[in-house]
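Undergrad: Please read through the structure below; I'll follow up with questions.
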Amino acid sequence: MKKRTWLAMILAAMLILAVGCGQGNDQAANESGFKVGMVTDTGGLNDESFNQTTWDGLERAKDELGADIKALESKQDSDYVPNLTKFAREGRNLTWAVGFKHEKAVPEVAQQFPDVQFGIVDSNLGGNIPANVTAVTFKEEEGSFLVGAAAGLTTKTNKVGFIGGINSELIEKFEAGFIAGVKAVNPKAEVISAYAGSFSDVTKGRTLSAGMYNQGADIIYHAAGGVGKGLFDEVKTREAGKFWAIGVDMDQSRLAPEHTLTSMVKKVDVAVFDITKSLKDKDLKSGEHHVFGLQDDAVGLAENTKNINPDVLTKVNEYKEKIISGDIVVPTKVADVK
Amino acid sequence: MQSLLARLNKYSGATTAIISILLGMVVGAIMMLAAGYNPVAAYNALFVSALFQPYDLGETIRTITPLILTGLAVAIAFRTGLFNIGVEGQFIVGQLVAFIVATQLGLPPVIQVIVAVIMGGLAGALWGLVPGFLKASRGVHEVIVSIMMNFIALYLSNYLIRTWLAKGADSTPKIADSPPLKVDVLSQIFGGSRIHLGIFIALLGVFVMYYLLYRTKLGYELRAVGYNPRASEYAGMSVKRNIILSMMISGSFAGLAGASEVLGTSGYLSIEAAFTGIGFDGIAVALLGGNTPLGVIFAASLFGVLNYGGGNMQFEADVPFEVIRVVVAAIILFVAANISTKIVGRFRKQKGVKKHG
């Protein structure tokens, strides 16, 4: 008897589900407007880095262009292909793949859906860009040069530090720009560099930065994602106005308001919005590699400059003009820094 | 049909599993209602989209493939009374070795894939041997050792990728234009999805496990040691040998899962900051599947549908993916609760070995 009751309950539950399935929802086909999708890498939407700033750019596209926007978060590397495919099948006008981790998935899906446009942030796909893909990268070295100049002018000990995430060409651009900036304004200053071998190990970030401060560095710049949190944890324990940290990607001053000299912001939102807008206005030539730098106002110092000495800021802005005019070409490799 | 159900009941308590699944989904539905989502639309998006389009069905099967193998890995160790929590690490070394064989040895195409799969399985077996041997010879608990082996595998893999396989980049080049286990005919049937031959490796694994457990002397010994090591020892079986063998077989299933993933789905390796989770999902699969070969297929299918369909649910019904994690956790909780009452019941009734023959 008891078994039968269970059976009846299970059947009833299935029936409810089946009825529910029958109704379906046809909301998807409401307006035939301009639709943009976005697939995050495994960092997720609130990563305080390119995923978050890409989404900011899409929200601007929603406000100013009336675009219908949607994001899918990837939980594993194997999610990139199906997530991109979902947007492509749905007929999105443009789908953004955020982060260089997508560089193998994007060409694969783009080939399968030649009529759909894709964008990739932070990778040029090794130069082989399919006709329906737009690759976006940034001149991180230019922004890093400016924060390097700020650090070189601010340091009292003539020693500054750099902490990188995983050693790669991308992160080397930050390091090379930073060193070049420091040396340009203060040839006597020494830059100590270290790589954490991770983008998430907070403890490692703290150990490395403690070591650098103890060696006499008074300013440390990081390009190491979550590792950087350890830097801010460490600098907070030290005397304000004497020890500084420099943030990356977004304005990170809220992590240590009294200790953050500045941040090297990378305005992915500006780039993403620009490309999205030109696609909507039908003057995007896809299959190309777009590089955003200082002259597009896509990299640079954070707007909040309260901790920087005004004289230093004036000097930094002079260098900014020189880079934009082409008088200074910032190296992307550490070996090329003079 | 009737006899099939009866068999299922005999081995794994399929009713327990089904009731747990339904209860888990009810918990998920309550959560969604509380958060202001429509559970009917969400479950509709989850199941319909995961199963009714060829592309999605293919991707669902691809998601299921490694879960079957890692589920088997956990299940066979459980049968011998061992908790192999190192499936994740065995998965990683399987992946690593299969990739190295496929890219560095320069063997002819078909042989290369076969050798890569086999070597992947052997690498997993080797990774399982360490905790098995330490347990058998020194009495070190296998949970501790296998967890540590997970970290060794992860960082060893990252190190080799960074210094050798990828030459400083974040990920290695692809093995070939298309992953070696991927067959065009098969993906075209499933709308161009990434389904690959790994599913046949997984199903073969299920058969091997079934045959091994129920049709061989070794399988009988493995199960006997699981039920009662002392009695088995008294009956003349070598408990140590069975523990080591069980961990090695378990590890080889996990290694095969890794090999089939890298040779079938991704085709490259990348530096990972954290574990993939496929190995840990195997624990849930084995638990829900009652540690039986057939049960593992069903449980892996369910988790595969939930994992892949969960993404669609986010896409079509705007319900966050985390809800699916809650559903999975609730299912496991209900299964585990049931199992614990069963174990208590067994102790009370002193039923012993006979029932499970």
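Residue numbers start at 1 in each chain; chains themselves are named A, B, ... in the order of the structure tokens; ligands are numbered from 1 in the order shown.
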Contacts from chain B to chain A, 6 Å maximum, only C-alpha atoms: show me the residue list as a list in words.
TA: Val40, Asn44 and Ala169 of chain B
Undergrad: Which residues are close to stretch 266-277 of chain A, i.e. within 8 Å by only C-alpha atoms, leaving aside same-chain residues fewer than 6 positions away? Reply as an MDAnalysis selection string.
TA: chainID A and resid 50 53:58 60:61 65 94 121 136 138 140 143 248:250 284 292 297:300
Undergrad: Need the shell around stretch 172-189 of chain B: protein/DNA/RNA residues with any atom at most 8 Å away, counting only C-alpha atoms. Skip same-chain ones fewer than 2 positions apart. Format as JSON, numbers by chain?
TA: {"B": [54, 58, 99, 102, 103, 113, 161, 165, 166, 167, 169, 170, 191, 192, 193, 194, 195, 196, 197, 198, 260, 262, 263, 264, 265, 266, 267, 268, 269, 270]}
Undergrad: If you run DSSP over the backbone, which residues in stretch 170-240 of chain B end up alpha helix (DSSP H)? Put them as a PyMOL selection string.
TA: chain B and resi 184-189+198-215+217-227+229-234+239-240
Undergrad: Using only C-alpha atoms, which protein or nucleic acid residues come within 10 Å of B:Ala98? Drop anything in the same chain fewer than 4 positions from it, and give the result as a PDB file with N, CA, C and O atoms, in the first residue's frame.
TA:
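Saved the output as result_15.pdb:
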ATOM      1  N   ILE B  92      43.486  14.286 -13.487  1.00  0.00           N
ATOM      2  CA  ILE B  92      44.450  15.255 -14.027  1.00  0.00           C
ATOM      3  C   ILE B  92      45.671  14.554 -14.623  1.00  0.00           C
ATOM      4  O   ILE B  92      46.101  14.885 -15.724  1.00  0.00           O
ATOM      5  N   VAL B  93      46.224  13.539 -13.921  1.00  0.00           N
ATOM      6  CA  VAL B  93      47.403  12.883 -14.494  1.00  0.00           C
ATOM      7  C   VAL B  93      47.022  12.089 -15.748  1.00  0.00           C
ATOM      8  O   VAL B  93      47.807  11.995 -16.693  1.00  0.00           O
ATOM      9  N   GLY B  94      45.799  11.528 -15.775  1.00  0.00           N
ATOM     10  CA  GLY B  94      45.344  10.829 -16.976  1.00  0.00           C
ATOM     11  C   GLY B  94      45.338  11.770 -18.161  1.00  0.00           C
ATOM     12  O   GLY B  94      45.810  11.453 -19.266  1.00  0.00           O
ATOM     13  N   ALA B 102      50.048  11.852 -26.900  1.00  0.00           N
ATOM     14  CA  ALA B 102      49.456  12.235 -28.184  1.00  0.00           C
ATOM     15  C   ALA B 102      50.284  13.288 -28.917  1.00  0.00           C
ATOM     16  O   ALA B 102      50.208  13.395 -30.134  1.00  0.00           O
ATOM     17  N   THR B 103      51.080  14.073 -28.171  1.00  0.00           N
ATOM     18  CA  THR B 103      51.788  15.152 -28.858  1.00  0.00           C
ATOM     19  C   THR B 103      53.290  14.913 -28.988  1.00  0.00           C
ATOM     20  O   THR B 103      53.906  15.405 -29.918  1.00  0.00           O
ATOM     21  N   GLN B 112      48.361   6.134 -32.066  1.00  0.00           N
ATOM     22  CA  GLN B 112      48.666   7.181 -31.104  1.00  0.00           C
ATOM     23  C   GLN B 112      47.495   7.412 -30.142  1.00  0.00           C
ATOM     24  O   GLN B 112      47.685   7.532 -28.935  1.00  0.00           O
ATOM     25  N   VAL B 113      46.271   7.450 -30.680  1.00  0.00           N
ATOM     26  CA  VAL B 113      45.107   7.689 -29.829  1.00  0.00           C
ATOM     27  C   VAL B 113      44.911   6.523 -28.874  1.00  0.00           C
ATOM     28  O   VAL B 113      44.687   6.719 -27.673  1.00  0.00           O
ATOM     29  N   ILE B 114      45.027   5.301 -29.404  1.00  0.00           N
ATOM     30  CA  ILE B 114      44.813   4.128 -28.558  1.00  0.00           C
ATOM     31  C   ILE B 114      45.854   4.100 -27.434  1.00  0.00           C
ATOM     32  O   ILE B 114      45.515   3.928 -26.262  1.00  0.00           O
ATOM     33  N   VAL B 115      47.125   4.323 -27.807  1.00  0.00           N
ATOM     34  CA  VAL B 115      48.183   4.315 -26.790  1.00  0.00           C
ATOM     35  C   VAL B 115      47.944   5.427 -25.770  1.00  0.00           C
ATOM     36  O   VAL B 115      48.097   5.229 -24.559  1.00  0.00           O
ATOM     37  N   ALA B 116      47.532   6.601 -26.262  1.00  0.00           N
ATOM     38  CA  ALA B 116      47.305   7.735 -25.350  1.00  0.00           C
ATOM     39  C   ALA B 116      46.217   7.401 -24.342  1.00  0.00           C
ATOM     40  O   ALA B 116      46.354   7.694 -23.149  1.00  0.00           O
ATOM     41  N   VAL B 117      45.131   6.785 -24.806  1.00  0.00           N
ATOM     42  CA  VAL B 117      44.035   6.439 -23.892  1.00  0.00           C
ATOM     43  C   VAL B 117      44.536   5.437 -22.856  1.00  0.00           C
ATOM     44  O   VAL B 117      44.322   5.607 -21.646  1.00  0.00           O
ATOM     45  N   ILE B 118      45.236   4.400 -23.332  1.00  0.00           N
ATOM     46  CA  ILE B 118      45.705   3.365 -22.401  1.00  0.00           C
ATOM     47  C   ILE B 118      46.690   3.946 -21.391  1.00  0.00           C
ATOM     48  O   ILE B 118      46.580   3.700 -20.179  1.00  0.00           O
ATOM     49  N   MET B 119      47.632   4.770 -21.883  1.00  0.00           N
ATOM     50  CA  MET B 119      48.610   5.349 -20.971  1.00  0.00           C
ATOM     51  C   MET B 119      47.941   6.287 -19.962  1.00  0.00           C
ATOM     52  O   MET B 119      48.362   6.366 -18.801  1.00  0.00           O
ATOM     53  N   GLY B 120      46.916   6.995 -20.407  1.00  0.00           N
ATOM     54  CA  GLY B 120      46.160   7.855 -19.491  1.00  0.00           C
ATOM     55  C   GLY B 120      45.575   7.028 -18.359  1.00  0.00           C
ATOM     56  O   GLY B 120      45.661   7.391 -17.180  1.00  0.00           O
ATOM     57  N   GLY B 121      44.977   5.881 -18.729  1.00  0.00           N
ATOM     58  CA  GLY B 121      44.402   4.992 -17.722  1.00  0.00           C
ATOM     59  C   GLY B 121      45.473   4.481 -16.766  1.00  0.00           C
ATOM     60  O   GLY B 121      45.284   4.459 -15.546  1.00  0.00           O
ATOM     61  N   LEU B 122      46.640   4.111 -17.329  1.00  0.00           N
ATOM     62  CA  LEU B 122      47.715   3.582 -16.477  1.00  0.00           C
ATOM     63  C   LEU B 122      48.245   4.648 -15.531  1.00  0.00           C
ATOM     64  O   LEU B 122      48.568   4.365 -14.367  1.00  0.00           O
ATOM     65  N   ALA B 123      48.332   5.885 -16.037  1.00  0.00           N
ATOM     66  CA  ALA B 123      48.807   6.968 -15.174  1.00  0.00           C
ATOM     67  C   ALA B 123      47.869   7.145 -13.993  1.00  0.00           C
ATOM     68  O   ALA B 123      48.312   7.312 -12.843  1.00  0.00           O
ATOM     69  N   GLY B 255      41.687   7.960 -14.648  1.00  0.00           N
ATOM     70  CA  GLY B 255      42.660   8.329 -15.676  1.00  0.00           C
ATOM     71  C   GLY B 255      42.047   8.281 -17.062  1.00  0.00           C
ATOM     72  O   GLY B 255      42.291   9.159 -17.903  1.00  0.00           O
ATOM     73  N   LEU B 256      41.213   7.271 -17.310  1.00  0.00           N
ATOM     74  CA  LEU B 256      40.525   7.180 -18.604  1.00  0.00           C
ATOM     75  C   LEU B 256      39.606   8.383 -18.808  1.00  0.00           C
ATOM     76  O   LEU B 256      39.482   8.905 -19.919  1.00  0.00           O
ATOM     77  N   GLY B 258      40.066  11.357 -17.680  1.00  0.00           N
ATOM     78  CA  GLY B 258      40.931  12.475 -18.061  1.00  0.00           C
ATOM     79  C   GLY B 258      41.385  12.362 -19.497  1.00  0.00           C
ATOM     80  O   GLY B 258      41.344  13.324 -20.259  1.00  0.00           O
ATOM     81  N   ALA B 259      41.812  11.153 -19.891  1.00  0.00           N
ATOM     82  CA  ALA B 259      42.286  10.953 -21.258  1.00  0.00           C
ATOM     83  C   ALA B 259      41.170  11.244 -22.252  1.00  0.00           C
ATOM     84  O   ALA B 259      41.382  11.915 -23.268  1.00  0.00           O
ATOM     85  N   SER B 260      39.960  10.772 -21.958  1.00  0.00           N
ATOM     86  CA  SER B 260      38.883  10.972 -22.924  1.00  0.00           C
ATOM     87  C   SER B 260      38.489  12.450 -22.997  1.00  0.00           C
ATOM     88  O   SER B 260      38.133  12.946 -24.063  1.00  0.00           O
ATOM     89  N   GLU B 261      38.615  13.162 -21.881  1.00  0.00           N
ATOM     90  CA  GLU B 261      38.319  14.597 -21.926  1.00  0.00           C
ATOM     91  C   GLU B 261      39.304  15.354 -22.800  1.00  0.00           C
ATOM     92  O   GLU B 261      38.934  16.168 -23.648  1.00  0.00           O
ATOM     93  N   VAL B 262      40.599  15.092 -22.590  1.00  0.00           N
ATOM     94  CA  VAL B 262      41.589  15.885 -23.333  1.00  0.00           C
ATOM     95  C   VAL B 262      41.648  15.450 -24.795  1.00  0.00           C
ATOM     96  O   VAL B 262      41.839  16.270 -25.689  1.00  0.00           O
ATOM     97  N   LEU B 263      41.435  14.152 -25.054  1.00  0.00           N
ATOM     98  CA  LEU B 263      41.515  13.690 -26.441  1.00  0.00           C
ATOM     99  C   LEU B 263      40.205  13.888 -27.190  1.00  0.00           C
ATOM    100  O   LEU B 263      40.163  13.828 -28.409  1.00  0.00           O
TER     101      LEU B 263
END
Undergrad: Applying 8 Å and only C-alpha atoms, which residues near stretch 303-315 of chain A remain after dropping the ones on its own chain fewer than 3 positions away? List them as a PyMOL selection string.
TA: chain A and resi 150+153-154+251+258+260-262+318-319
Undergrad: Atom CA of A:Arg92 and atom CA of A:Val116 are how many Å apart?
TA: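 Atom CA of A:Val116 lies 7.2 Å from atom CA of A:Arg92.
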Undergrad: Can you tell me which residues surround A:Ala97 at a distance of at most 7 Å, considering only C-alpha atoms, apart from same-chain residues fewer than 3 positions away, and format the answer as a list of chain:residue names?
TA: A:Met38, A:Val39, A:Thr40, A:His102, A:Gly119, A:Ile120, A:Val121
Undergrad: Mind checking which residues fall within 12 Å of A:Ala245, counting only C-alpha atoms, ignoring those fewer than 4 positions away in the same chain, and posting them as number ranges by chain?
TA: A: 147-148, 150-151, 154-155, 160-163, 206, 209-210, 212-213, 217-223, 228-238, 240-241, 251-264, 307-308
Undergrad: Just asking: which residues within stretch 235-299 of chain A are strand (DSSP E) according to DSSP, as number ranges by chain?
TA: A: 244-249, 260-266, 289-292, 299
Undergrad: So, with only C-alpha atoms as the atoms that count, which of B:Ile85, B:Leu33, B:Ile324, B:Leu23 lies closest to B:Gly277?
TA: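 Ranked by minimum distance to B:Gly277, first place goes to B:Ile85.
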Undergrad: To one decimal place, how far is atom CA of A:Gly181 from atom CA of A:Lys204 in Å?
TA: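 Distance reported for this atom pair: 25.8 Å.
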Undergrad: Which residue gives the smallest distance to A:Leu301 among A:Asp41, A:Glu142, A:Asp327, A:Glu64, with only C-alpha atoms counted?
TA: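 Checking each candidate against A:Leu301, we get A:Glu142 as the closest.
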